>>> print(open('entry_15.cif').read())   # mmCIF, N, CA and C atoms
data_input
#
loop_
_atom_site.group_PDB
_atom_site.id
_atom_site.type_symbol
_atom_site.label_atom_id
_atom_site.label_comp_id
_atom_site.auth_asym_id
_atom_site.auth_seq_id
_atom_site.Cartn_x
_atom_site.Cartn_y
_atom_site.Cartn_z
ATOM 1 N N MET A 1 -4.791 -16.911 -10.864
ATOM 2 C CA MET A 1 -3.817 -16.265 -11.723
ATOM 3 C C MET A 1 -3.483 -14.885 -11.150
ATOM 4 N N THR A 2 -2.210 -14.560 -11.143
ATOM 5 C CA THR A 2 -1.747 -13.287 -10.611
ATOM 6 C C THR A 2 -1.274 -12.405 -11.746
ATOM 7 N N THR A 3 -1.753 -11.173 -11.772
ATOM 8 C CA THR A 3 -1.290 -10.210 -12.752
ATOM 9 C C THR A 3 -0.096 -9.486 -12.154
ATOM 10 N N LEU A 4 0.995 -9.456 -12.881
ATOM 11 C CA LEU A 4 2.204 -8.816 -12.389
ATOM 12 C C LEU A 4 2.390 -7.446 -13.025
ATOM 13 N N THR A 5 2.964 -6.528 -12.242
ATOM 14 C CA THR A 5 3.326 -5.229 -12.787
ATOM 15 C C THR A 5 4.603 -5.405 -13.607
ATOM 16 N N MET A 6 4.981 -4.374 -14.343
ATOM 17 C CA MET A 6 6.208 -4.458 -15.145
ATOM 18 C C MET A 6 7.425 -4.659 -14.240
ATOM 19 N N LYS A 7 7.438 -3.998 -13.098
ATOM 20 C CA LYS A 7 8.542 -4.136 -12.140
ATOM 21 C C LYS A 7 8.634 -5.582 -11.642
ATOM 22 N N GLU A 8 7.480 -6.175 -11.339
ATOM 23 C CA GLU A 8 7.456 -7.551 -10.858
ATOM 24 C C GLU A 8 7.866 -8.534 -11.957
ATOM 25 N N GLU A 9 7.458 -8.265 -13.187
ATOM 26 C CA GLU A 9 7.867 -9.115 -14.306
ATOM 27 C C GLU A 9 9.378 -9.088 -14.468
ATOM 28 N N LYS A 10 9.970 -7.898 -14.317
ATOM 29 C CA LYS A 10 11.422 -7.763 -14.408
ATOM 30 C C LYS A 10 12.096 -8.568 -13.296
ATOM 31 N N ARG A 11 11.570 -8.459 -12.085
ATOM 32 C CA ARG A 11 12.135 -9.218 -10.961
ATOM 33 C C ARG A 11 12.048 -10.720 -11.219
ATOM 34 N N LEU A 12 10.912 -11.155 -11.733
ATOM 35 C CA LEU A 12 10.732 -12.578 -12.009
ATOM 36 C C LEU A 12 11.743 -13.054 -13.048
ATOM 37 N N GLU A 13 11.936 -12.275 -14.098
ATOM 38 C CA GLU A 13 12.906 -12.637 -15.139
ATOM 39 C C GLU A 13 14.312 -12.735 -14.549
ATOM 40 N N ILE A 14 14.686 -11.791 -13.686
ATOM 41 C CA ILE A 14 16.012 -11.811 -13.072
ATOM 42 C C ILE A 14 16.167 -13.041 -12.184
ATOM 43 N N VAL A 15 15.144 -13.365 -11.411
ATOM 44 C CA VAL A 15 15.205 -14.545 -10.538
ATOM 45 C C VAL A 15 15.290 -15.825 -11.374
ATOM 46 N N GLN A 16 14.577 -15.868 -12.481
ATOM 47 C CA GLN A 16 14.668 -17.040 -13.361
ATOM 48 C C GLN A 16 16.078 -17.175 -13.930
ATOM 49 N N ARG A 17 16.709 -16.040 -14.249
ATOM 50 C CA ARG A 17 18.096 -16.070 -14.717
ATOM 51 C C ARG A 17 19.032 -16.542 -13.600
ATOM 52 N N LEU A 18 18.701 -16.214 -12.358
ATOM 53 C CA LEU A 18 19.472 -16.719 -11.216
ATOM 54 C C LEU A 18 19.399 -18.246 -11.163
ATOM 55 N N PHE A 19 18.183 -18.773 -11.295
ATOM 56 C CA PHE A 19 17.989 -20.221 -11.254
ATOM 57 C C PHE A 19 18.740 -20.935 -12.379
ATOM 58 N N ARG A 20 18.802 -20.312 -13.548
ATOM 59 C CA ARG A 20 19.502 -20.906 -14.698
ATOM 60 C C ARG A 20 21.016 -20.750 -14.597
ATOM 61 N N GLY A 21 21.483 -19.963 -13.634
ATOM 62 C CA GLY A 21 22.915 -19.764 -13.453
ATOM 63 C C GLY A 21 23.500 -18.691 -14.352
ATOM 64 N N GLU A 22 22.665 -17.897 -14.990
ATOM 65 C CA GLU A 22 23.137 -16.839 -15.874
ATOM 66 C C GLU A 22 23.612 -15.620 -15.094
ATOM 67 N N LEU A 23 23.109 -15.467 -13.868
ATOM 68 C CA LEU A 23 23.487 -14.341 -13.007
ATOM 69 C C LEU A 23 23.838 -14.854 -11.621
ATOM 70 N N THR A 24 24.690 -14.096 -10.921
ATOM 71 C CA THR A 24 24.942 -14.371 -9.511
ATOM 72 C C THR A 24 23.981 -13.503 -8.699
ATOM 73 N N VAL A 25 23.861 -13.797 -7.417
ATOM 74 C CA VAL A 25 22.994 -12.997 -6.552
ATOM 75 C C VAL A 25 23.506 -11.558 -6.507
ATOM 76 N N MET A 26 24.811 -11.374 -6.483
ATOM 77 C CA MET A 26 25.395 -10.036 -6.440
ATOM 78 C C MET A 26 25.015 -9.234 -7.691
ATOM 79 N N GLU A 27 25.031 -9.873 -8.845
ATOM 80 C CA GLU A 27 24.646 -9.191 -10.082
ATOM 81 C C GLU A 27 23.138 -8.899 -10.099
ATOM 82 N N ALA A 28 22.363 -9.870 -9.635
ATOM 83 C CA ALA A 28 20.904 -9.720 -9.622
ATOM 84 C C ALA A 28 20.469 -8.583 -8.707
ATOM 85 N N GLU A 29 21.115 -8.451 -7.554
ATOM 86 C CA GLU A 29 20.715 -7.395 -6.623
ATOM 87 C C GLU A 29 20.937 -6.012 -7.214
ATOM 88 N N VAL A 30 22.001 -5.871 -8.023
ATOM 89 C CA VAL A 30 22.271 -4.589 -8.669
ATOM 90 C C VAL A 30 21.203 -4.293 -9.719
ATOM 91 N N VAL A 31 20.849 -5.289 -10.505
ATOM 92 C CA VAL A 31 19.858 -5.106 -11.568
ATOM 93 C C VAL A 31 18.477 -4.793 -10.971
ATOM 94 N N ILE A 32 18.092 -5.529 -9.946
ATOM 95 C CA ILE A 32 16.780 -5.341 -9.326
ATOM 96 C C ILE A 32 16.754 -4.083 -8.464
ATOM 97 N N GLY A 33 17.892 -3.760 -7.864
ATOM 98 C CA GLY A 33 17.959 -2.576 -7.005
ATOM 99 C C GLY A 33 17.576 -2.845 -5.566
ATOM 100 N N VAL A 34 17.884 -4.041 -5.080
ATOM 101 C CA VAL A 34 17.612 -4.397 -3.689
ATOM 102 C C VAL A 34 18.896 -4.908 -3.040
ATOM 103 N N SER A 35 18.832 -5.133 -1.732
ATOM 104 C CA SER A 35 20.000 -5.652 -1.024
ATOM 105 C C SER A 35 20.196 -7.141 -1.341
ATOM 106 N N GLU A 36 21.360 -7.650 -0.996
ATOM 107 C CA GLU A 36 21.659 -9.066 -1.218
ATOM 108 C C GLU A 36 20.659 -9.938 -0.448
ATOM 109 N N ARG A 37 20.409 -9.548 0.785
ATOM 110 C CA ARG A 37 19.478 -10.312 1.624
ATOM 111 C C ARG A 37 18.080 -10.341 1.002
ATOM 112 N N GLN A 38 17.612 -9.175 0.527
ATOM 113 C CA GLN A 38 16.284 -9.108 -0.084
ATOM 114 C C GLN A 38 16.239 -9.948 -1.361
ATOM 115 N N CYS A 39 17.344 -9.978 -2.078
ATOM 116 C CA CYS A 39 17.420 -10.783 -3.303
ATOM 117 C C CYS A 39 17.227 -12.269 -2.967
ATOM 118 N N TYR A 40 17.868 -12.712 -1.882
ATOM 119 C CA TYR A 40 17.688 -14.096 -1.451
ATOM 120 C C TYR A 40 16.235 -14.355 -1.031
ATOM 121 N N ARG A 41 15.608 -13.374 -0.382
ATOM 122 C CA ARG A 41 14.209 -13.535 0.028
ATOM 123 C C ARG A 41 13.295 -13.675 -1.180
ATOM 124 N N ILE A 42 13.508 -12.827 -2.186
ATOM 125 C CA ILE A 42 12.692 -12.891 -3.403
ATOM 126 C C ILE A 42 12.877 -14.248 -4.081
ATOM 127 N N LYS A 43 14.117 -14.693 -4.142
ATOM 128 C CA LYS A 43 14.428 -15.988 -4.765
ATOM 129 C C LYS A 43 13.707 -17.120 -4.023
ATOM 130 N N ALA A 44 13.714 -17.074 -2.693
ATOM 131 C CA ALA A 44 13.035 -18.105 -1.893
ATOM 132 C C ALA A 44 11.527 -18.068 -2.103
ATOM 133 N N LYS A 45 10.956 -16.856 -2.187
ATOM 134 C CA LYS A 45 9.510 -16.741 -2.406
ATOM 135 C C LYS A 45 9.102 -17.297 -3.763
ATOM 136 N N VAL A 46 9.925 -17.040 -4.784
ATOM 137 C CA VAL A 46 9.621 -17.566 -6.116
ATOM 138 C C VAL A 46 9.726 -19.087 -6.105
ATOM 139 N N THR A 47 10.694 -19.629 -5.377
ATOM 140 C CA THR A 47 10.815 -21.086 -5.257
ATOM 141 C C THR A 47 9.574 -21.664 -4.587
ATOM 142 N N GLU A 48 9.089 -20.979 -3.566
ATOM 143 C CA GLU A 48 7.953 -21.451 -2.777
ATOM 144 C C GLU A 48 6.603 -21.249 -3.476
ATOM 145 N N ARG A 49 6.396 -20.044 -4.071
ATOM 146 C CA ARG A 49 5.074 -19.686 -4.590
ATOM 147 C C ARG A 49 5.009 -19.477 -6.092
ATOM 148 N N GLY A 50 6.122 -19.626 -6.789
ATOM 149 C CA GLY A 50 6.135 -19.391 -8.228
ATOM 150 C C GLY A 50 6.106 -17.907 -8.534
ATOM 151 N N ALA A 51 5.449 -17.523 -9.623
ATOM 152 C CA ALA A 51 5.400 -16.122 -10.049
ATOM 153 C C ALA A 51 4.751 -15.230 -8.994
ATOM 154 N N LYS A 52 3.854 -15.769 -8.180
ATOM 155 C CA LYS A 52 3.218 -14.990 -7.122
ATOM 156 C C LYS A 52 4.237 -14.512 -6.090
ATOM 157 N N GLY A 53 5.383 -15.143 -6.043
ATOM 158 C CA GLY A 53 6.412 -14.808 -5.060
ATOM 159 C C GLY A 53 6.997 -13.425 -5.216
ATOM 160 N N VAL A 54 6.902 -12.823 -6.400
ATOM 161 C CA VAL A 54 7.438 -11.475 -6.595
ATOM 162 C C VAL A 54 6.403 -10.399 -6.286
ATOM 163 N N ALA A 55 5.134 -10.770 -6.176
ATOM 164 C CA ALA A 55 4.072 -9.801 -5.861
ATOM 165 C C ALA A 55 4.065 -9.523 -4.360
ATOM 166 N N HIS A 56 3.655 -8.328 -3.982
ATOM 167 C CA HIS A 56 3.596 -7.947 -2.575
ATOM 168 C C HIS A 56 2.601 -8.832 -1.837
ATOM 169 N N GLY A 57 2.930 -9.210 -0.636
ATOM 170 C CA GLY A 57 2.097 -10.124 0.142
ATOM 171 C C GLY A 57 0.732 -9.590 0.513
ATOM 172 N N ASN A 58 0.560 -8.262 0.555
ATOM 173 C CA ASN A 58 -0.730 -7.683 0.923
ATOM 174 C C ASN A 58 -1.648 -7.444 -0.268
ATOM 175 N N ARG A 59 -1.206 -7.792 -1.449
ATOM 176 C CA ARG A 59 -2.026 -7.546 -2.624
ATOM 177 C C ARG A 59 -3.353 -8.295 -2.511
ATOM 178 N N GLY A 60 -4.425 -7.562 -2.801
ATOM 179 C CA GLY A 60 -5.748 -8.164 -2.783
ATOM 180 C C GLY A 60 -6.438 -8.123 -1.435
ATOM 181 N N ARG A 61 -5.723 -7.704 -0.399
ATOM 182 C CA ARG A 61 -6.322 -7.619 0.929
ATOM 183 C C ARG A 61 -6.772 -6.190 1.194
ATOM 184 N N PRO A 62 -7.861 -6.025 1.936
ATOM 185 C CA PRO A 62 -8.290 -4.662 2.273
ATOM 186 C C PRO A 62 -7.339 -4.051 3.298
ATOM 187 N N SER A 63 -7.187 -2.742 3.254
ATOM 188 C CA SER A 63 -6.326 -2.033 4.195
ATOM 189 C C SER A 63 -6.913 -2.097 5.588
ATOM 190 N N LYS A 64 -6.062 -2.289 6.584
ATOM 191 C CA LYS A 64 -6.530 -2.302 7.968
ATOM 192 C C LYS A 64 -6.804 -0.891 8.460
ATOM 193 N N ARG A 65 -6.313 0.114 7.717
ATOM 194 C CA ARG A 65 -6.498 1.501 8.108
ATOM 195 C C ARG A 65 -7.700 2.159 7.420
ATOM 196 N N LYS A 66 -8.377 1.420 6.590
ATOM 197 C CA LYS A 66 -9.503 1.965 5.842
ATOM 198 C C LYS A 66 -10.650 2.316 6.794
ATOM 199 N N THR A 67 -11.278 3.465 6.540
ATOM 200 C CA THR A 67 -12.423 3.891 7.339
ATOM 201 C C THR A 67 -13.604 2.976 7.031
ATOM 202 N N LEU A 68 -14.286 2.564 8.076
ATOM 203 C CA LEU A 68 -15.433 1.673 7.900
ATOM 204 C C LEU A 68 -16.530 2.362 7.100
ATOM 205 N N GLU A 69 -17.188 1.618 6.243
ATOM 206 C CA GLU A 69 -18.267 2.151 5.398
ATOM 207 C C GLU A 69 -19.380 2.746 6.248
ATOM 208 N N LYS A 70 -19.643 2.148 7.394
ATOM 209 C CA LYS A 70 -20.680 2.634 8.304
ATOM 210 C C LYS A 70 -20.342 4.052 8.787
ATOM 211 N N GLU A 71 -19.070 4.300 9.112
ATOM 212 C CA GLU A 71 -18.647 5.621 9.570
ATOM 213 C C GLU A 71 -18.713 6.643 8.442
ATOM 214 N N VAL A 72 -18.338 6.238 7.243
ATOM 215 C CA VAL A 72 -18.399 7.147 6.091
ATOM 216 C C VAL A 72 -19.843 7.571 5.849
ATOM 217 N N ARG A 73 -20.764 6.620 5.881
ATOM 218 C CA ARG A 73 -22.175 6.932 5.680
ATOM 219 C C ARG A 73 -22.691 7.894 6.750
ATOM 220 N N ARG A 74 -22.264 7.711 7.989
ATOM 221 C CA ARG A 74 -22.703 8.574 9.100
ATOM 222 C C ARG A 74 -22.205 10.007 8.902
ATOM 223 N N VAL A 75 -20.943 10.176 8.495
ATOM 224 C CA VAL A 75 -20.382 11.506 8.261
ATOM 225 C C VAL A 75 -21.116 12.193 7.111
ATOM 226 N N VAL A 76 -21.364 11.464 6.043
ATOM 227 C CA VAL A 76 -22.087 12.034 4.895
ATOM 228 C C VAL A 76 -23.496 12.427 5.316
ATOM 229 N N GLU A 77 -24.132 11.583 6.114
ATOM 230 C CA GLU A 77 -25.480 11.870 6.600
ATOM 231 C C GLU A 77 -25.488 13.160 7.428
ATOM 232 N N LEU A 78 -24.518 13.337 8.315
ATOM 233 C CA LEU A 78 -24.422 14.553 9.124
ATOM 234 C C LEU A 78 -24.148 15.782 8.251
ATOM 235 N N ALA A 79 -23.258 15.612 7.256
ATOM 236 C CA ALA A 79 -22.907 16.732 6.376
ATOM 237 C C ALA A 79 -24.108 17.180 5.544
ATOM 238 N N LYS A 80 -24.960 16.243 5.170
ATOM 239 C CA LYS A 80 -26.134 16.583 4.360
ATOM 240 C C LYS A 80 -27.310 17.020 5.224
ATOM 241 N N GLY A 81 -27.288 16.675 6.505
ATOM 242 C CA GLY A 81 -28.402 16.982 7.390
ATOM 243 C C GLY A 81 -28.069 18.079 8.381
ATOM 244 N N LYS A 82 -27.709 17.689 9.577
ATOM 245 C CA LYS A 82 -27.490 18.609 10.687
ATOM 246 C C LYS A 82 -26.467 19.702 10.378
ATOM 247 N N TYR A 83 -25.406 19.378 9.663
ATOM 248 C CA TYR A 83 -24.340 20.336 9.387
ATOM 249 C C TYR A 83 -24.358 20.845 7.946
ATOM 250 N N ARG A 84 -25.481 20.768 7.300
ATOM 251 C CA ARG A 84 -25.602 21.244 5.914
ATOM 252 C C ARG A 84 -25.299 22.747 5.861
ATOM 253 N N GLY A 85 -24.471 23.154 4.908
ATOM 254 C CA GLY A 85 -24.142 24.560 4.746
ATOM 255 C C GLY A 85 -22.970 25.022 5.601
ATOM 256 N N PHE A 86 -22.508 24.190 6.519
ATOM 257 C CA PHE A 86 -21.352 24.553 7.337
ATOM 258 C C PHE A 86 -20.071 24.348 6.553
ATOM 259 N N LYS A 87 -19.117 25.238 6.769
ATOM 260 C CA LYS A 87 -17.786 25.024 6.211
ATOM 261 C C LYS A 87 -17.045 24.113 7.180
ATOM 262 N N ARG A 88 -15.958 23.533 6.735
ATOM 263 C CA ARG A 88 -15.229 22.599 7.592
ATOM 264 C C ARG A 88 -14.778 23.268 8.886
ATOM 265 N N SER A 89 -14.168 24.450 8.806
ATOM 266 C CA SER A 89 -13.674 25.110 10.017
ATOM 267 C C SER A 89 -14.826 25.476 10.946
ATOM 268 N N THR A 90 -15.966 25.834 10.389
ATOM 269 C CA THR A 90 -17.133 26.169 11.206
ATOM 270 C C THR A 90 -17.645 24.930 11.923
ATOM 271 N N SER A 91 -17.727 23.822 11.209
ATOM 272 C CA SER A 91 -18.241 22.608 11.835
ATOM 273 C C SER A 91 -17.268 22.093 12.887
ATOM 274 N N ASP A 92 -15.954 22.323 12.715
ATOM 275 C CA ASP A 92 -14.992 21.943 13.746
ATOM 276 C C ASP A 92 -15.290 22.704 15.030
ATOM 277 N N GLY A 93 -15.578 24.011 14.895
ATOM 278 C CA GLY A 93 -15.900 24.821 16.062
ATOM 279 C C GLY A 93 -17.195 24.395 16.710
ATOM 280 N N GLU A 94 -18.177 24.043 15.910
ATOM 281 C CA GLU A 94 -19.472 23.621 16.434
ATOM 282 C C GLU A 94 -19.361 22.315 17.206
ATOM 283 N N THR A 95 -18.435 21.453 16.785
ATOM 284 C CA THR A 95 -18.294 20.169 17.459
ATOM 285 C C THR A 95 -17.281 20.233 18.590
ATOM 286 N N GLY A 96 -16.692 21.434 18.823
ATOM 287 C CA GLY A 96 -15.768 21.584 19.931
ATOM 288 C C GLY A 96 -14.376 21.067 19.646
ATOM 289 N N ARG A 97 -13.969 21.079 18.385
ATOM 290 C CA ARG A 97 -12.638 20.563 18.060
ATOM 291 C C ARG A 97 -11.715 21.709 17.705
ATOM 292 N N ALA A 98 -11.163 21.727 16.536
ATOM 293 C CA ALA A 98 -10.097 22.643 16.124
ATOM 294 C C ALA A 98 -10.462 24.109 16.285
ATOM 295 N N GLY A 99 -11.740 24.481 16.241
ATOM 296 C CA GLY A 99 -12.155 25.861 16.323
ATOM 297 C C GLY A 99 -11.805 26.527 17.641
ATOM 298 N N GLU A 100 -11.727 25.793 18.731
ATOM 299 C CA GLU A 100 -11.438 26.372 20.045
ATOM 300 C C GLU A 100 -10.069 27.042 20.081
ATOM 301 N N ALA A 101 -9.059 26.408 19.535
ATOM 302 C CA ALA A 101 -7.708 26.959 19.547
ATOM 303 C C ALA A 101 -7.654 28.248 18.747
ATOM 304 N N ARG A 102 -8.384 28.344 17.633
ATOM 305 C CA ARG A 102 -8.386 29.526 16.786
ATOM 306 C C ARG A 102 -9.072 30.705 17.473
ATOM 307 N N ASN A 103 -10.092 30.442 18.280
ATOM 308 C CA ASN A 103 -10.870 31.508 18.898
ATOM 309 C C ASN A 103 -10.156 32.152 20.083
ATOM 310 N N GLN A 104 -9.112 31.536 20.629
ATOM 311 C CA GLN A 104 -8.421 32.053 21.800
ATOM 312 C C GLN A 104 -7.518 33.234 21.489
ATOM 313 N N SER A 105 -7.064 33.409 20.259
ATOM 314 C CA SER A 105 -6.120 34.487 19.939
ATOM 315 C C SER A 105 -6.759 35.820 19.764
#
>>> encode(input="entry_15.cif", output="structure tokens")
Amino acid sequence: MTTLTMKEEKRLEIVQRLFRGELTVMEAEVVIGVSERQCYRIKAKVTERGAKGVAHGNRGRPSKRKTLEKEVRRVVELAKGKYRGFKRSTSDGETGRAGEARNQS
């Protein structure tokens, strides 16, 4: 079962009205606020997947850009141990990063 947002519920209702012939694609695109082409894509997805067709395809998947839990634990471990009491700018300088540019002026 897919939980839809209010925006997705509105899109689904508009697409259902398209199927019933109550609206044209041109009218539906104005109501939904998308291009004609996107309106056809949404309509095709609903035909193919039902109500799930209006939900974003990445819903429920983890982000590919998310920092790995192992790396987060390592940073926290360093912050609580070796770099305890350091401010961010100080620790940048200690690790040879952003602090170097600031010290040259």
>>> select_by_dssp(input="entry_15.cif", residues="chain A", states="helix (DSSP H, G or I)", output="VMD selection string")
chain A and resid 6 to 20 25 to 32 36 to 54 69 to 80 88 to 94 99 to 103
>>> atom_distance(input="entry_15.cif", atom1="atom N of A:Gln38", atom2="atom CA of A:Arg20")
19.3 Å
>>> closest_residue(input="entry_15.cif", among="A:Lys43, A:Lys80, A:His56, A:Arg49", to="A:Glu8", atoms="all atoms listed in the file")
A:His56
>>> resolve_selection(input="entry_15.cif", expression="the PyMOL selection byres (((chain A and resi 5 and name CA) around 12) and name CA)", output="list of chain:residue names")
A:Thr2, A:Thr3, A:Leu4, A:Met6, A:Lys7, A:Glu8, A:Glu9, A:Lys10, A:Arg11, A:Leu12, A:Ala51, A:Lys52, A:Val54, A:Ala55, A:His56, A:Arg59
>>> resolve_selection(input="entry_15.cif", expression="the PyMOL selection byres (((chain A and resi 25 and name CA) around 12) and name CA)", output="ChimeraX atom specification")
/A:14-24,26-43
>>> atom_distance(input="entry_15.cif", atom1="atom N of A:Lys70", atom2="atom N of A:Gly85")
21.7 Å
>>> atom_distance(input="entry_15.cif", atom1="atom CA of A:Lys66", atom2="atom CA of A:Gly53")
25.6 Å
>>> decode(input="entry_15.cif", residues="stretch 41-72 of chain A", atoms="C-alpha atoms", output="mmCIF file, in the first residue's frame")
data_model
loop_
_atom_site.group_PDB
_atom_site.id
_atom_site.type_symbol
_atom_site.label_atom_id
_atom_site.label_comp_id
_atom_site.auth_asym_id
_atom_site.auth_seq_id
_atom_site.Cartn_x
_atom_site.Cartn_y
_atom_site.Cartn_z
ATOM 1 C CA ARG A 41 3.814 10.534 -18.573
ATOM 2 C CA ILE A 42 1.804 10.697 -15.345
ATOM 3 C CA LYS A 43 -1.225 9.267 -17.146
ATOM 4 C CA ALA A 44 0.879 6.372 -18.510
ATOM 5 C CA LYS A 45 2.364 5.642 -15.073
ATOM 6 C CA VAL A 46 -1.092 5.518 -13.494
ATOM 7 C CA THR A 47 -2.226 3.144 -16.257
ATOM 8 C CA GLU A 48 0.813 0.947 -15.617
ATOM 9 C CA ARG A 49 1.122 1.075 -11.799
ATOM 10 C CA GLY A 50 -2.206 2.386 -10.510
ATOM 11 C CA ALA A 51 -2.150 4.930 -7.670
ATOM 12 C CA LYS A 52 1.584 4.283 -7.172
ATOM 13 C CA GLY A 53 2.124 5.902 -10.573
ATOM 14 C CA VAL A 54 1.754 9.424 -9.166
ATOM 15 C CA ALA A 55 4.338 8.870 -6.393
ATOM 16 C CA HIS A 56 7.989 9.704 -7.060
ATOM 17 C CA GLY A 57 9.981 6.721 -8.288
ATOM 18 C CA ASN A 58 12.694 7.090 -5.631
ATOM 19 C CA ARG A 59 10.302 6.970 -2.708
ATOM 20 C CA GLY A 60 11.380 4.446 -0.114
ATOM 21 C CA ARG A 61 14.909 4.086 -1.465
ATOM 22 C CA PRO A 62 17.958 5.276 0.461
ATOM 23 C CA SER A 63 19.823 8.265 -0.969
ATOM 24 C CA LYS A 64 22.939 7.427 -2.954
ATOM 25 C CA ARG A 65 24.537 10.569 -1.522
ATOM 26 C CA LYS A 66 24.006 9.614 2.109
ATOM 27 C CA THR A 67 27.150 9.411 4.243
ATOM 28 C CA LEU A 68 27.921 5.857 5.279
ATOM 29 C CA GLU A 69 27.133 5.039 8.915
ATOM 30 C CA LYS A 70 30.685 3.731 9.335
ATOM 31 C CA GLU A 71 32.119 7.142 8.351
ATOM 32 C CA VAL A 72 29.725 9.004 10.653
#
